[in-house]
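Participant: The following file, input25.cif, comprises mmCIF, C-alpha atoms:
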data_start
#
loop_
_atom_site.label_atom_id
_atom_site.label_comp_id
_atom_site.auth_asym_id
_atom_site.auth_seq_id
_atom_site.Cartn_x
_atom_site.Cartn_y
_atom_site.Cartn_z
CA MET A 1 -35.71 -96.67 46.21
CA ALA A 2 -35.16 -95.49 42.64
CA ARG A 3 -36.04 -91.94 43.57
CA LYS A 4 -33.66 -92.04 46.53
CA SER A 5 -30.75 -93.33 44.41
CA ASN A 6 -31.42 -90.66 41.78
CA ALA A 7 -31.41 -87.95 44.44
CA GLU A 8 -28.12 -89.22 45.85
CA THR A 9 -26.59 -89.35 42.37
CA ALA A 10 -27.67 -85.77 41.72
CA ALA A 11 -26.34 -84.63 45.11
CA ASN A 12 -22.87 -86.15 44.69
CA PRO A 13 -21.80 -83.93 41.74
CA GLY A 14 -22.97 -80.93 43.76
CA ARG A 15 -20.83 -81.94 46.73
CA LEU A 16 -17.81 -82.62 44.55
CA LYS A 17 -18.27 -79.27 42.84
CA GLN A 18 -18.48 -77.54 46.22
CA ILE A 19 -15.29 -79.29 47.41
CA ALA A 20 -13.50 -78.29 44.21
CA LEU A 21 -14.65 -74.69 44.58
CA THR A 22 -13.51 -74.62 48.22
CA TYR A 23 -10.12 -76.01 47.18
CA LYS A 24 -9.68 -73.34 44.50
CA MET A 25 -10.57 -70.57 46.94
CA THR A 26 -8.25 -72.00 49.58
CA ARG A 27 -5.38 -72.43 47.13
CA LYS A 28 -5.48 -68.72 46.27
CA ALA A 29 -4.67 -67.82 49.87
CA ASP A 30 -2.70 -70.98 50.68
CA PRO A 31 -0.79 -72.22 47.57
CA LYS A 32 0.76 -75.17 49.43
CA VAL A 33 -2.52 -76.60 50.68
CA GLY A 34 -2.52 -79.42 48.10
CA LEU A 35 1.01 -80.56 48.92
CA ILE A 36 0.40 -80.38 52.67
CA VAL A 37 -2.87 -82.35 52.55
CA ALA A 38 -1.36 -84.96 50.22
CA GLY A 39 1.72 -85.22 52.42
CA VAL A 40 -0.40 -85.83 55.52
CA GLY A 41 -2.29 -88.59 53.72
CA ILE A 42 0.82 -90.31 52.39
CA VAL A 43 2.68 -90.19 55.70
CA THR A 44 -0.33 -91.45 57.68
CA PHE A 45 -0.96 -94.32 55.26
CA GLY A 46 2.77 -95.17 55.17
CA VAL A 47 3.00 -95.37 58.96
CA PHE A 48 0.03 -97.73 59.23
CA LEU A 49 1.31 -99.87 56.37
CA ALA A 50 4.75 -100.13 57.94
CA ILE A 51 3.22 -101.19 61.24
CA GLY A 52 1.15 -103.76 59.34
CA PHE A 53 4.28 -105.35 57.85
CA LEU A 54 5.94 -105.39 61.27
CA ILE A 55 3.08 -107.27 62.89
CA ASP A 56 2.44 -109.37 59.76
CA HIS A 57 -0.99 -107.81 59.02
CA PRO A 58 -0.27 -105.48 56.08
CA VAL A 59 -3.71 -105.83 54.48
CA TYR A 60 -5.66 -105.06 57.64
CA LEU A 61 -3.42 -102.16 58.67
CA GLY A 62 -3.30 -100.95 55.06
CA ILE A 63 -7.11 -100.64 54.90
CA LEU A 64 -7.22 -99.01 58.33
CA GLY A 65 -4.39 -96.67 57.35
CA PHE A 66 -6.23 -95.63 54.20
CA LEU A 67 -9.34 -94.70 56.19
CA VAL A 68 -7.36 -92.83 58.86
CA ALA A 69 -5.31 -91.05 56.17
CA PHE A 70 -8.49 -89.92 54.41
CA LEU A 71 -9.88 -88.62 57.69
CA ALA A 72 -6.64 -86.80 58.52
CA MET A 73 -6.58 -85.20 55.08
CA ALA A 74 -10.17 -84.01 55.49
CA VAL A 75 -9.43 -82.49 58.92
CA ILE A 76 -6.27 -80.70 57.74
CA PHE A 77 -7.97 -79.43 54.60
CA GLY A 78 -10.95 -78.18 56.61
CA ARG A 79 -8.76 -76.26 59.03
CA ARG A 80 -6.65 -74.66 56.31
CA ALA A 81 -9.77 -73.78 54.30
CA GLU A 82 -11.27 -72.14 57.38
CA THR A 83 -8.07 -70.20 58.02
CA ALA A 84 -7.97 -69.04 54.40
CA ALA A 85 -11.61 -67.95 54.55
CA PHE A 86 -11.01 -65.91 57.69
CA GLY A 87 -7.95 -64.37 56.10
CA GLN A 88 -9.99 -63.23 53.11
CA MET A 89 -12.74 -61.78 55.34
CA GLU A 90 -10.33 -60.05 57.72
CA GLY A 91 -10.82 -56.30 57.62
CA GLN A 92 -13.92 -56.44 55.44
CA PRO A 93 -16.99 -54.54 56.76
CA GLY A 94 -19.56 -57.01 58.06
CA ALA A 95 -17.10 -59.89 58.44
CA ALA A 96 -18.03 -60.36 62.11
CA ALA A 97 -21.71 -60.62 61.18
CA ALA A 98 -20.90 -63.45 58.76
CA VAL A 99 -19.11 -65.32 61.55
CA LEU A 100 -21.98 -64.73 63.98
CA ASP A 101 -24.46 -66.22 61.54
CA ASN A 102 -22.56 -69.50 61.83
CA VAL A 103 -22.01 -69.58 65.59
CA GLY A 104 -24.52 -72.36 66.08
CA ARG A 105 -27.87 -73.17 67.60
CA GLY A 106 -29.06 -71.19 70.59
CA TRP A 107 -27.79 -67.85 69.29
CA SER A 108 -29.76 -65.20 67.41
CA THR A 109 -27.88 -62.36 65.78
CA THR A 110 -28.84 -58.89 64.61
CA PRO A 111 -26.23 -57.32 62.33
CA ALA A 112 -25.48 -53.60 62.28
CA VAL A 113 -27.52 -52.39 65.25
CA ALA A 114 -25.28 -49.31 65.10
CA MET A 115 -23.13 -47.95 62.28
CA SER A 116 -20.98 -44.89 61.65
CA LYS A 117 -20.28 -43.05 58.41
CA GLN A 118 -16.80 -44.60 58.42
CA GLN A 119 -18.36 -48.12 58.34
CA ASP A 120 -17.68 -48.86 61.99
CA ILE A 121 -20.33 -51.41 62.93
CA VAL A 122 -21.78 -52.90 66.10
CA HIS A 123 -23.56 -56.27 65.87
CA ARG A 124 -25.66 -57.92 68.56
CA ALA A 125 -26.02 -61.57 69.51
CA VAL A 126 -28.37 -63.09 72.09
CA GLY A 127 -27.85 -66.47 73.68
CA LYS A 128 -27.56 -68.29 76.98
CA ALA A 129 -24.67 -65.99 77.93
CA GLY A 130 -26.96 -62.95 77.66
CA VAL A 131 -26.48 -60.15 75.17
CA VAL A 132 -23.17 -59.79 73.36
CA LEU A 133 -22.19 -56.68 71.43
CA ILE A 134 -19.50 -57.21 68.80
CA ALA A 135 -17.89 -54.18 67.20
CA GLU A 136 -15.64 -53.96 64.16
CA GLY A 137 -13.84 -50.85 63.02
CA ASN A 138 -11.65 -48.15 64.54
CA PRO A 139 -11.41 -48.80 68.32
CA ASN A 140 -11.56 -45.08 69.15
CA ARG A 141 -14.84 -44.76 67.28
CA VAL A 142 -16.52 -48.05 68.22
CA LYS A 143 -15.95 -47.72 71.98
CA PRO A 144 -18.46 -44.83 72.31
CA MET A 145 -20.85 -46.78 70.08
CA LEU A 146 -20.59 -49.81 72.35
CA ALA A 147 -21.11 -47.65 75.44
CA ASN A 148 -24.23 -46.12 73.88
CA GLU A 149 -25.69 -49.52 73.04
CA LYS A 150 -24.98 -50.80 76.54
CA LYS A 151 -26.83 -47.83 78.04
CA LYS A 152 -29.86 -48.62 75.89
CA LEU A 153 -29.83 -52.24 77.01
CA ALA A 154 -29.37 -51.30 80.67
CA ARG A 155 -32.51 -49.15 80.55
CA ILE A 156 -34.79 -51.90 79.27
CA MET A 157 -33.03 -55.00 80.68
CA PRO A 158 -31.03 -54.04 83.77
CA ASP A 159 -30.77 -57.65 85.02
CA ILE A 160 -29.48 -59.20 81.79
CA PRO A 161 -25.69 -59.57 81.46
CA VAL A 162 -24.20 -57.65 78.55
CA HIS A 163 -20.78 -58.54 77.13
CA ASP A 164 -18.90 -56.54 74.54
CA PHE A 165 -15.69 -56.86 72.58
CA ILE A 166 -14.01 -55.45 69.51
CA VAL A 167 -12.92 -57.62 66.58
CA GLY A 168 -9.37 -56.98 65.50
CA LYS A 169 -5.70 -57.86 65.95
CA GLY A 170 -4.81 -55.15 68.46
CA GLU A 171 -4.26 -55.47 72.18
CA GLY A 172 -7.42 -56.46 74.02
CA GLU A 173 -9.22 -57.23 70.75
CA VAL A 174 -10.58 -60.58 69.56
CA PRO A 175 -9.31 -61.96 66.22
CA LEU A 176 -12.04 -62.75 63.72
CA LYS A 177 -11.27 -66.48 63.76
CA LYS A 178 -11.74 -66.58 67.55
CA VAL A 179 -15.13 -64.85 67.66
CA ARG A 180 -17.06 -68.13 67.79
CA THR A 181 -14.90 -69.71 70.49
CA THR A 182 -15.05 -66.50 72.53
CA LEU A 183 -18.85 -66.58 72.53
CA MET A 184 -18.96 -70.29 73.38
CA LYS A 185 -16.67 -69.76 76.40
CA LEU A 186 -18.97 -67.17 78.00
CA PRO A 187 -20.84 -68.42 81.10
CA ARG A 188 -24.38 -69.59 80.41
CA VAL A 189 -26.84 -67.80 82.66
CA LEU A 190 -30.11 -67.61 80.68
CA SER A 191 -32.68 -70.31 80.00
CA GLY A 192 -34.58 -70.80 76.76
CA PRO A 193 -37.68 -68.84 77.89
CA GLN A 194 -35.48 -66.00 79.17
CA ILE A 195 -33.73 -65.78 75.78
CA THR A 196 -37.13 -65.53 74.11
CA GLN A 197 -38.13 -62.70 76.46
CA VAL A 198 -34.90 -60.83 75.74
CA ASN A 199 -35.41 -61.16 71.98
CA ASP A 200 -39.01 -59.97 72.31
CA LYS A 201 -37.92 -56.88 74.25
CA LEU A 202 -35.18 -56.08 71.75
CA ARG A 203 -37.58 -56.54 68.86
CA ALA A 204 -40.09 -54.24 70.53
CA MET A 205 -37.38 -51.65 71.15
CA GLY A 206 -36.35 -51.80 67.48
CA ASP A 207 -39.95 -51.43 66.32
CA LEU A 208 -40.44 -48.47 68.66
CA LEU A 209 -37.38 -46.65 67.33
CA SER A 210 -38.26 -47.35 63.70
CA ASN A 211 -41.85 -46.15 64.15
CA MET A 212 -40.99 -42.90 65.93
CA PRO A 213 -42.42 -39.94 63.99
CA ILE A 214 -39.78 -37.76 62.33
CA PRO A 215 -40.76 -34.08 61.94
CA LYS A 216 -40.72 -32.87 58.37
CA GLY A 217 -39.02 -29.66 57.31
CA PRO A 218 -36.56 -27.49 59.26
CA MET A 219 -36.94 -27.27 63.02
CA PRO A 220 -38.03 -23.78 64.14
CA GLY A 221 -35.44 -21.91 66.17
CA ARG A 222 -36.06 -20.17 69.48
CA GLY A 223 -35.76 -16.78 67.87
CA MET A 224 -38.81 -17.50 65.71
CA LYS A 225 -41.11 -18.03 68.69
CA GLY A 226 -43.69 -15.33 69.08
CA GLN A 227 -42.76 -13.47 65.88
CA ARG A 228 -45.52 -12.38 63.59
CA PRO A 229 -45.26 -12.59 59.85
CA ARG A 230 -44.69 -9.26 58.19
#
What does the file become when written as structure tokens?
Facilitator:
Amino acid sequence: MARKSNAETAANPGRLKQIALTYKMTRKADPKVGLIVAGVGIVTFGVFLAIGFLIDHPVYLGILGFLVAFLAMAVIFGRRAETAAFGQMEGQPGAAAAVLDNVGRGWSTTPAVAMSKQQDIVHRAVGKAGVVLIAEGNPNRVKPMLANEKKKLARIMPDIPVHDFIVGKGEGEVPLKKVRTTLMKLPRVLSGPQITQVNDKLRAMGDLLSNMPIPKGPMPGRGMKGQRPR
């Protein structure tokens, strides 16, 4: 029991430090977050306390109001912190990959399966919805990249559904903060064993491409064929 209490005591400062760090990061993007969260707590507690006086149970409603106010403050703070985090990641290369890593259980992600010199990137996720290709960058450049990746997948897995979308704020694009909900709304068509098979095939395809021999030196031109050295 002593060891358990010591571990909990050591963990609490870490949690408080993490909350404080999250608050500082959120406040940079959302300066009013402290006032808004405090206002939600005060109003919620005040409403419950007022109801308690009306029904002659101020202590009971006061305690309940305190708990509900704390919960409401935590929810509001969490949402505003999430919004601030997405705002800071927006437009950064690899932001979509960071979101995909936190989609949840049942999804496996492979970042940067395709990339251009201009840092246009295509990521891949595999789950019960099939294969999802997520692109971030210039739409005119990533559309051919998505088409190329879909052709590769169609050759090795013609029966597996492939979805694709572009992360951004333009028409027909998916905002970064809605990437997770977009994936979760896709119809589930694959079972667990099927997902494993898809991942195995994709892994084998990646190994095959990475192990292909690359000829060294300049490629001989057609005009060199048949010529004798002088």
Participant: Write out as a PDB file with C-alpha atoms, keeping the file's coordinate frame which residues come within 6 Å of stretch 133-149 of chain A when counting all atoms listed in the file, dropping same-chain ones fewer than 6 positions away.
Facilitator:
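File written: selection-v9.pdb
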ATOM      1  CA  ASP A 120     -17.680 -48.860  61.990  1.00  0.00           C
ATOM      2  CA  ILE A 121     -20.330 -51.410  62.930  1.00  0.00           C
ATOM      3  CA  VAL A 122     -21.780 -52.900  66.100  1.00  0.00           C
ATOM      4  CA  HIS A 123     -23.560 -56.270  65.870  1.00  0.00           C
ATOM      5  CA  ARG A 124     -25.660 -57.920  68.560  1.00  0.00           C
ATOM      6  CA  ASP A 164     -18.900 -56.540  74.540  1.00  0.00           C
ATOM      7  CA  PHE A 165     -15.690 -56.860  72.580  1.00  0.00           C
ATOM      8  CA  ILE A 166     -14.010 -55.450  69.510  1.00  0.00           C
ATOM      9  CA  VAL A 167     -12.920 -57.620  66.580  1.00  0.00           C
TER      10      VAL A 167
END
Participant: For the atom pair atom CA of A:Ile36 and atom CA of A:Gly65, what is the interatomic distance in Å to one decimal place?
Facilitator: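 It comes out at 17.6 Å.
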Participant: Could you list the residues chosen by the PyMOL selection byres ((chain A and resi 107) around 8) in this structure as a VMD selection string?
Facilitator: chain A and resid 103 to 106 108 to 109 125 to 128
Participant: When distances are computed from all atoms listed in the file, which of A:Val179, A:Ala38, A:Ala84, A:Met157 shows the smallest separation from A:Val99?
Facilitator: A:Val179
Participant: So which residues touch A:Gly39 within 12 Å, counting all atoms listed in the file, skipping near sequence neighbours fewer than 4 positions away, as a VMD selection string?
Facilitator: chain A and resid 32 to 35 43 to 46 69 to 70 72 to 73 76 to 77
Participant: Can you spit out the residues from that selection as an mmCIF file, in the coordinates of the input, using C-alpha atoms?
Facilitator:
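So the final result, stored in again-v8.cif, reads:
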data_model
loop_
_atom_site.group_PDB
_atom_site.id
_atom_site.type_symbol
_atom_site.label_atom_id
_atom_site.label_comp_id
_atom_site.auth_asym_id
_atom_site.auth_seq_id
_atom_site.Cartn_x
_atom_site.Cartn_y
_atom_site.Cartn_z
ATOM 1 C CA LYS A 32 0.760 -75.170 49.430
ATOM 2 C CA VAL A 33 -2.520 -76.600 50.680
ATOM 3 C CA GLY A 34 -2.520 -79.420 48.100
ATOM 4 C CA LEU A 35 1.010 -80.560 48.920
ATOM 5 C CA VAL A 43 2.680 -90.190 55.700
ATOM 6 C CA THR A 44 -0.330 -91.450 57.680
ATOM 7 C CA PHE A 45 -0.960 -94.320 55.260
ATOM 8 C CA GLY A 46 2.770 -95.170 55.170
ATOM 9 C CA ALA A 69 -5.310 -91.050 56.170
ATOM 10 C CA PHE A 70 -8.490 -89.920 54.410
ATOM 11 C CA ALA A 72 -6.640 -86.800 58.520
ATOM 12 C CA MET A 73 -6.580 -85.200 55.080
ATOM 13 C CA ILE A 76 -6.270 -80.700 57.740
ATOM 14 C CA PHE A 77 -7.970 -79.430 54.600
#
Participant: Rebuild stretch 38-49 of chain A so that it carries all heavy atoms, then output the result as a CSV table (one decimal), keeping the file's coordinate frame.
Facilitator:
chain,number,residue,atom,x,y,z
A,38,ALA,N,-1.8,-83.7,50.8
A,38,ALA,CA,-1.4,-85.0,50.2
A,38,ALA,C,-0.3,-85.6,51.1
A,38,ALA,O,-0.2,-86.8,51.3
A,38,ALA,CB,-0.9,-84.7,48.8
A,39,GLY,N,0.6,-84.7,51.6
A,39,GLY,CA,1.7,-85.2,52.4
A,39,GLY,C,1.2,-85.9,53.7
A,39,GLY,O,1.7,-86.9,54.1
A,40,VAL,N,0.2,-85.3,54.3
A,40,VAL,CA,-0.4,-85.8,55.5
A,40,VAL,C,-1.0,-87.2,55.2
A,40,VAL,O,-0.8,-88.2,56.0
A,40,VAL,CB,-1.5,-84.9,56.1
A,40,VAL,CG1,-2.3,-85.6,57.2
A,40,VAL,CG2,-0.8,-83.6,56.6
A,41,GLY,N,-1.7,-87.3,54.1
A,41,GLY,CA,-2.3,-88.6,53.7
A,41,GLY,C,-1.3,-89.7,53.5
A,41,GLY,O,-1.4,-90.8,53.9
A,42,ILE,N,-0.2,-89.3,52.7
A,42,ILE,CA,0.8,-90.3,52.4
A,42,ILE,C,1.6,-90.8,53.6
A,42,ILE,O,1.8,-92.0,53.8
A,42,ILE,CB,1.8,-89.7,51.4
A,42,ILE,CG1,1.1,-89.5,50.0
A,42,ILE,CG2,3.0,-90.6,51.2
A,42,ILE,CD1,1.9,-88.7,49.0
A,43,VAL,N,1.9,-89.8,54.5
A,43,VAL,CA,2.7,-90.2,55.7
A,43,VAL,C,1.8,-91.1,56.6
A,43,VAL,O,2.3,-92.1,57.2
A,43,VAL,CB,3.1,-88.9,56.4
A,43,VAL,CG1,3.7,-89.3,57.8
A,43,VAL,CG2,4.2,-88.2,55.6
A,44,THR,N,0.6,-90.7,56.8
A,44,THR,CA,-0.3,-91.4,57.7
A,44,THR,C,-0.5,-92.9,57.2
A,44,THR,O,-0.4,-93.9,57.9
A,44,THR,CB,-1.7,-90.8,57.8
A,44,THR,OG1,-1.5,-89.4,58.2
A,44,THR,CG2,-2.6,-91.5,58.8
A,45,PHE,N,-0.8,-93.0,55.8
A,45,PHE,CA,-1.0,-94.3,55.3
A,45,PHE,C,0.3,-95.1,55.3
A,45,PHE,O,0.3,-96.3,55.7
A,45,PHE,CB,-1.4,-94.2,53.8
A,45,PHE,CG,-1.5,-95.5,53.1
A,45,PHE,CD1,-2.6,-96.3,53.3
A,45,PHE,CD2,-0.5,-95.9,52.1
A,45,PHE,CE1,-2.7,-97.6,52.7
A,45,PHE,CE2,-0.7,-97.1,51.5
A,45,PHE,CZ,-1.7,-97.9,51.7
A,46,GLY,N,1.5,-94.5,55.1
A,46,GLY,CA,2.8,-95.2,55.2
A,46,GLY,C,3.1,-95.7,56.6
A,46,GLY,O,3.6,-96.8,56.7
A,47,VAL,N,2.7,-94.9,57.6
A,47,VAL,CA,3.0,-95.4,59.0
A,47,VAL,C,2.2,-96.6,59.3
A,47,VAL,O,2.7,-97.6,59.8
A,47,VAL,CB,2.7,-94.2,59.9
A,47,VAL,CG1,2.7,-94.7,61.4
A,47,VAL,CG2,3.7,-93.1,59.8
A,48,PHE,N,0.9,-96.6,58.9
A,48,PHE,CA,0.0,-97.7,59.2
A,48,PHE,C,0.5,-99.0,58.4
A,48,PHE,O,0.5,-100.1,59.0
A,48,PHE,CB,-1.4,-97.4,58.9
A,48,PHE,CG,-2.2,-96.7,60.0
A,48,PHE,CD1,-2.0,-95.4,60.3
A,48,PHE,CD2,-3.0,-97.5,60.9
A,48,PHE,CE1,-2.7,-94.8,61.3
A,48,PHE,CE2,-3.7,-96.9,61.9
A,48,PHE,CZ,-3.5,-95.5,62.1
A,49,LEU,N,0.9,-98.7,57.2
A,49,LEU,CA,1.3,-99.9,56.4
A,49,LEU,C,2.6,-100.5,56.9
A,49,LEU,O,2.8,-101.7,56.9
A,49,LEU,CB,1.5,-99.4,54.9
A,49,LEU,CG,1.7,-100.5,53.9
A,49,LEU,CD1,0.5,-101.5,53.8
A,49,LEU,CD2,2.0,-99.9,52.5
